[in-house]
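Participant: To be precise about what I am sending: the file is called coords27.txt and holds compact mmCIF, C-alpha atoms.
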```txt
# COMPACT_ATOMS: atom_id res chain seq x y z
CA MET A 1 -9.21 113.27 15.89
CA CYS A 2 -6.59 114.83 13.60
CA ARG A 3 -3.55 113.39 11.95
CA GLU A 4 -0.21 114.82 12.86
CA GLU A 5 1.82 116.34 10.09
CA ASN A 6 5.57 116.85 10.21
CA LEU A 7 6.18 120.41 9.02
CA ILE A 8 9.89 120.84 9.32
CA SER A 9 12.96 119.06 10.61
CA ILE A 10 16.27 120.90 10.98
CA VAL A 11 19.58 119.50 12.18
CA PHE A 12 22.44 121.81 13.14
CA SER A 13 25.45 121.87 15.42
CA THR A 14 26.32 125.59 15.65
CA ILE A 15 24.42 128.84 16.06
CA GLU A 16 25.75 129.90 12.65
CA GLU A 17 23.96 126.94 11.09
CA PHE A 18 20.75 127.66 12.98
CA ALA A 19 20.63 131.45 12.48
CA PRO A 20 19.51 131.41 8.81
CA GLN A 21 16.53 129.22 9.79
CA ARG A 22 15.08 131.70 12.27
CA ASN A 23 13.05 133.86 9.89
CA GLY A 24 11.41 130.83 8.29
CA LEU A 25 10.56 129.39 11.69
CA LEU A 26 9.07 132.70 12.87
CA THR A 27 6.97 132.94 9.73
CA LEU A 28 5.72 129.38 10.21
CA MET A 29 4.85 129.93 13.86
CA CYS A 30 3.06 133.23 13.20
CA SER A 31 1.12 131.75 10.29
CA MET A 32 -0.16 128.93 12.48
CA CYS A 33 -0.54 130.53 15.89
CA GLY A 34 -1.17 134.18 15.01
CA SER A 35 1.43 136.93 15.22
CA GLN A 36 1.49 137.41 18.98
CA ARG A 37 1.36 133.75 20.02
CA GLY A 38 3.65 132.79 17.15
CA MET A 39 6.22 135.31 18.36
CA ARG A 40 5.98 133.90 21.88
CA LEU A 41 6.56 130.39 20.57
CA PHE A 42 9.54 131.69 18.61
CA VAL A 43 10.96 133.23 21.79
CA ALA A 44 10.69 129.86 23.53
CA VAL A 45 12.20 127.93 20.61
CA ASN A 46 15.13 130.32 20.42
CA GLU A 47 15.81 129.91 24.14
CA ALA A 48 15.52 126.12 23.85
CA VAL A 49 18.00 126.11 20.95
CA ASN A 50 20.43 128.31 22.89
CA ASN A 51 20.22 125.93 25.84
CA ALA A 52 20.79 122.94 23.56
CA LEU A 53 23.83 124.44 21.83
CA PHE A 54 25.48 126.29 24.67
CA HIS A 55 24.57 124.17 27.69
CA ALA A 56 23.47 120.64 26.76
CA ASN A 57 26.03 120.24 23.97
CA ARG A 58 28.62 122.53 25.53
CA ASP A 59 31.29 119.84 25.89
CA LEU A 60 30.43 118.22 22.56
CA PRO A 61 31.19 120.75 19.82
CA GLU A 62 30.47 118.24 17.07
CA ALA A 63 27.12 117.18 18.55
CA CYS A 64 23.93 118.00 16.69
CA VAL A 65 20.64 119.53 17.71
CA GLU A 66 17.46 118.47 15.96
CA LEU A 67 14.44 120.74 15.79
CA VAL A 68 11.16 119.23 14.63
CA ALA A 69 7.87 121.07 14.13
CA VAL A 70 4.65 119.05 14.05
CA ASP A 71 1.16 120.26 13.20
CA GLU A 72 -1.12 118.58 15.72
CA GLY A 73 -4.31 120.02 14.28
CA ALA A 74 -5.27 122.25 17.18
CA SER A 75 -1.71 123.08 18.15
CA LEU A 76 1.84 123.34 16.94
CA ARG A 77 4.44 121.18 18.68
CA ILE A 78 8.15 121.93 18.51
CA SER A 79 10.75 119.58 19.93
CA VAL A 80 14.41 120.46 20.39
CA ARG A 81 16.63 117.44 20.95
CA SER A 82 20.31 117.66 21.86
CA GLU A 83 22.92 114.92 22.15
CA GLY A 84 24.59 116.11 25.34
CA ASP A 85 23.74 115.40 28.96
CA GLY A 86 21.09 118.09 29.19
CA PHE A 87 21.35 121.19 31.34
CA GLU A 88 20.44 122.35 34.80
CA HIS A 89 16.86 123.53 34.99
CA ASP A 90 14.11 124.19 37.46
CA LEU A 91 10.53 123.86 36.31
CA ARG A 92 8.97 125.74 39.17
CA ALA A 93 7.07 128.78 37.96
CA ASP A 94 9.64 131.14 39.46
CA PRO A 95 12.55 129.62 41.41
CA GLY A 96 13.86 133.09 42.16
CA VAL A 97 15.59 134.03 38.92
CA PHE A 98 13.17 136.88 38.33
CA SER A 99 13.57 138.25 41.84
CA ASP A 100 17.37 137.96 41.79
CA PHE A 101 17.42 141.11 39.70
CA LEU A 102 21.14 141.33 39.12
CA ARG A 103 21.67 137.74 38.03
CA GLU A 104 23.06 137.73 34.51
CA SER A 105 22.01 134.24 33.40
CA GLY A 106 19.50 131.49 34.09
CA ARG A 107 16.39 133.17 32.70
CA GLY A 108 16.01 131.08 29.54
CA VAL A 109 13.97 128.17 30.91
CA GLN A 110 11.86 130.54 32.99
CA ILE A 111 11.03 132.59 29.92
CA ILE A 112 10.06 129.40 28.07
CA LEU A 113 7.73 128.37 30.91
CA HIS A 114 5.93 131.69 30.78
CA VAL A 115 5.45 132.19 27.05
CA VAL A 116 4.10 128.90 25.69
CA ASP A 117 1.02 126.84 26.53
CA GLU A 118 2.87 123.65 27.47
CA VAL A 119 6.48 122.70 28.11
CA SER A 120 8.01 119.34 28.86
CA ILE A 121 11.67 118.72 29.54
CA GLU A 122 12.83 115.11 29.36
CA GLU A 123 16.11 113.28 29.79
CA SER A 124 17.59 115.99 32.02
CA GLY A 125 17.05 118.62 29.36
CA SER A 126 18.12 116.71 26.25
CA ILE A 127 14.59 116.90 24.87
CA VAL A 128 12.54 120.06 25.24
CA THR A 129 9.02 119.94 23.82
CA LEU A 130 6.97 123.10 23.39
CA ARG A 131 3.32 123.28 22.47
CA MET A 132 1.27 126.29 21.43
CA GLY A 133 -2.40 126.30 20.49
CA LYS A 134 -3.21 127.69 17.06
CA ASP A 135 -5.43 130.65 16.61
CA ASP A 136 -9.02 129.78 15.73
CA SER A 137 -8.80 130.41 11.99
CA GLN A 138 -5.74 128.20 11.60
CA ARG A 139 -7.33 125.49 13.74
CA ARG A 140 -10.32 125.32 11.38
CA ASN A 141 -8.10 125.30 8.29
CA SER A 142 -5.98 122.38 9.42
CA SER A 143 -8.63 120.03 10.79
CA ILE A 144 -7.61 117.01 8.78
CA PRO A 145 -9.88 114.06 9.55
CA SER A 146 -8.06 110.85 10.34
CA MET B 1 21.05 143.72 14.61
CA LYS B 2 22.36 147.27 14.30
CA ILE B 3 23.92 149.38 17.03
CA ASP B 4 24.53 153.14 16.78
CA VAL B 5 26.37 155.14 19.41
CA SER B 6 26.08 158.90 19.82
CA ARG B 7 28.35 160.38 22.50
CA SER B 8 28.02 163.61 24.40
CA GLY B 9 30.43 164.35 27.27
CA ASN B 10 30.30 161.56 29.81
CA GLY B 11 27.04 160.27 28.36
CA ALA B 12 26.03 158.31 25.30
CA ARG B 13 22.84 157.34 23.54
CA ILE B 14 22.98 153.82 22.14
CA SER B 15 20.32 152.75 19.66
CA ILE B 16 19.95 149.02 19.17
CA SER B 17 17.63 147.85 16.40
CA GLY B 18 16.61 144.61 14.75
CA SER B 19 16.92 141.39 16.74
CA MET B 20 19.55 140.83 19.41
CA TYR B 21 20.40 137.15 19.39
CA VAL B 22 23.03 135.24 21.34
CA GLU B 23 25.60 135.76 18.59
CA ASP B 24 25.06 139.55 18.80
CA SER B 25 25.44 139.80 22.56
CA ALA B 26 29.24 139.76 22.63
CA SER B 27 29.56 142.73 20.26
CA VAL B 28 27.01 144.76 22.24
CA ARG B 29 28.86 143.93 25.43
CA GLU B 30 32.22 144.94 23.92
CA LYS B 31 30.89 148.26 22.58
CA LEU B 32 29.27 149.21 25.88
CA ILE B 33 32.26 148.17 27.97
CA ALA B 34 34.51 150.22 25.67
CA LEU B 35 32.36 153.27 26.45
CA LEU B 36 32.63 152.65 30.18
CA ASP B 37 36.40 152.22 29.86
CA GLU B 38 36.52 155.65 28.19
CA GLY B 39 34.70 157.23 31.14
CA VAL B 40 31.23 157.30 29.59
CA TYR B 41 29.08 156.17 32.51
CA ASN B 42 25.68 157.66 31.74
CA LEU B 43 24.13 155.50 29.08
CA THR B 44 20.73 155.79 27.44
CA LEU B 45 19.72 152.70 25.51
CA ASP B 46 17.11 153.43 22.88
CA LEU B 47 15.40 150.12 22.16
CA SER B 48 12.55 151.54 20.07
CA GLY B 49 13.88 149.73 17.01
CA LEU B 50 14.51 146.43 18.78
CA ASP B 51 12.12 143.63 17.83
CA TYR B 52 13.56 140.86 19.95
CA VAL B 53 16.20 140.17 22.60
CA ASP B 54 16.98 136.75 24.03
CA SER B 55 18.00 135.93 27.60
CA SER B 56 21.71 136.25 26.76
CA GLY B 57 21.06 139.82 25.59
CA LEU B 58 19.14 140.59 28.77
CA GLY B 59 22.15 139.26 30.69
CA VAL B 60 24.45 141.66 28.85
CA LEU B 61 22.20 144.61 29.68
CA ILE B 62 22.20 143.61 33.36
CA SER B 63 25.98 143.28 33.33
CA ILE B 64 26.40 146.77 31.85
CA HIS B 65 23.84 148.21 34.25
CA LYS B 66 25.87 146.84 37.18
CA ARG B 67 29.12 148.25 35.79
CA CYS B 68 27.48 151.68 35.35
CA LEU B 69 26.36 151.66 38.96
CA GLN B 70 29.83 150.63 40.13
CA LYS B 71 31.29 153.62 38.27
CA GLY B 72 28.73 155.98 39.78
CA GLY B 73 26.84 156.30 36.52
CA LYS B 74 23.41 155.33 35.32
CA MET B 75 21.87 153.33 32.50
CA THR B 76 18.44 154.33 31.24
CA ILE B 77 16.31 152.26 28.89
CA THR B 78 13.92 153.97 26.54
CA GLY B 79 11.61 152.90 23.72
CA LEU B 80 10.48 149.54 25.10
CA ARG B 81 7.71 148.06 22.95
CA GLY B 82 6.19 144.83 21.73
CA MET B 83 7.86 141.54 22.61
CA VAL B 84 10.89 143.27 24.11
CA GLU B 85 8.68 145.18 26.54
CA GLU B 86 6.82 141.96 27.35
CA LEU B 87 10.11 140.19 28.11
CA PHE B 88 11.29 143.04 30.33
CA LYS B 89 8.03 142.88 32.29
CA LEU B 90 8.00 139.08 32.45
CA THR B 91 11.53 138.95 33.84
CA ARG B 92 10.82 142.01 36.00
CA LEU B 93 13.74 143.85 34.48
CA ASP B 94 11.46 146.85 34.05
CA LEU B 95 11.89 147.18 37.82
CA VAL B 96 15.68 146.85 37.67
CA PHE B 97 16.49 149.40 35.00
CA ASN B 98 15.56 153.03 34.83
CA VAL B 99 12.89 152.79 32.16
CA ALA B 100 11.94 156.09 30.58
CA ALA B 101 9.03 156.84 28.28
CA HIS B 102 10.17 157.11 24.70
```
Now, as a test, write the supplied structure out as structure tokens.

Facilitator:
Amino acid sequence: MCREENLISIVFSTIEEFAPQRNGLLTLMCSMCGSQRGMRLFVAVNEAVNNALFHANRDLPEACVELVAVDEGASLRISVRSEGDGFEHDLRADPGVFSDFLRESGRGVQIILHVVDEVSIEESGSIVTLRMGKDDSQRRNSSIPS
Amino acid sequence: MKIDVSRSGNGARISISGSMYVEDSASVREKLIALLDEGVYNLTLDLSGLDYVDSSGLGVLISIHKRCLQKGGKMTITGLRGMVEELFKLTRLDLVFNVAAH
């Protein structure tokens, strides 16, 4: 069994505050999960942050979003927590957004579902938790005995 | 993100490079709509330099694609690669757009 280690915690309320954090987050994710899986996790995190800022917190411009990254030993867990009432979502693998070709929005959650290993959405969308397994080399390096 | 536009008659080649995030989508939308308003309906989007596009950016591309069709024009995507290509395939947008080999 491995200890969990908090890697990063970021609080922001606008996309302008979040934007400068992106490169650091991508580097962290790629260093732990490998370049391809790290990029996929980054894609999911970016979509989750967009949902938090522009949907969950839409009517609360002063509300914050908190992003926390935790090293679970074998995987990296990212949670995105907003203060608003969540956002509409459908966790079915494909509720039609990919076949409604000309629809201009609504693909964010579906992209998240397809690119990471595990997704959970709690409190109507106020908490989105993403999990991605590390690549083998990183898994061995971070096996911290409890 | 960087966007370069090269016009020729009623067509234009638009090269988008870097990462297209939600805060970039509005400017891409404005530039492409301005072209359509000037009668440029045949657009080729060169995405060979694009590393990432989020779902808001995909929405903008769909919106412009629809406007092109309404005007009797055509939007072609070229240079898909890496994560951007994966996202196009995942969301099946590779079936929506005219995707040309780079």

Participant: Write out as a ChimeraX atom specification every residue belonging to chain B that has an atom at most 7 Å from any atom of chain A, counting all atoms listed in the file.

Facilitator: /B:54-56,59,62-63,91-93,96

Participant: Would you pick out the contacts of Arg81 in chain B at 10 Å or less, using all atoms listed in the file, so that residues sharing its chain but fewer than 3 positions from it are not included, and give the list as an mmCIF file with C-alpha atoms, in the coordinates of the input?

Facilitator:
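Saved to part_2.cif:
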```cif
data_model
loop_
_atom_site.group_PDB
_atom_site.id
_atom_site.type_symbol
_atom_site.label_atom_id
_atom_site.label_comp_id
_atom_site.auth_asym_id
_atom_site.auth_seq_id
_atom_site.Cartn_x
_atom_site.Cartn_y
_atom_site.Cartn_z
ATOM 1 C CA LEU B 47 15.400 150.120 22.160
ATOM 2 C CA SER B 48 12.550 151.540 20.070
ATOM 3 C CA GLY B 49 13.880 149.730 17.010
ATOM 4 C CA LEU B 50 14.510 146.430 18.780
ATOM 5 C CA ASP B 51 12.120 143.630 17.830
ATOM 6 C CA TYR B 52 13.560 140.860 19.950
ATOM 7 C CA THR B 78 13.920 153.970 26.540
ATOM 8 C CA VAL B 84 10.890 143.270 24.110
ATOM 9 C CA GLU B 85 8.680 145.180 26.540
ATOM 10 C CA GLU B 86 6.820 141.960 27.350
ATOM 11 C CA LEU B 87 10.110 140.190 28.110
ATOM 12 C CA PHE B 88 11.290 143.040 30.330
ATOM 13 C CA HIS B 102 10.170 157.110 24.700
#
```

Participant: Please report the interatomic distance between CA of Ser13 in chain A and CA of Phe42 in chain A in Å with one decimal.

Facilitator: 19.0 Å

Participant: Under the rule that all atoms listed in the file are counted, which of A:Val116, A:Leu67, A:Ile127, A:Val49 is the nearest residue to Tyr21 in chain B?

Facilitator: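 Of A:Val116, A:Leu67, A:Ile127, A:Val49, the one nearest Tyr21 in chain B is A:Val49, counting all atoms listed in the file.
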
Participant: Please compute the CA of Glu66 in chain A-CA of Glu17 in chain A distance, one decimal, in Å.

Facilitator: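 Pair CA of Glu66 in chain A / CA of Glu17 in chain A returns 11.7 Å.
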
Participant: Mind giving me the straight-line distance from CA of Phe18 in chain A to CA of Gly73 in chain A in Å, one decimal?

Facilitator: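 If I compute the distance from CA of Phe18 in chain A to CA of Gly73 in chain A, I get 26.2 Å.
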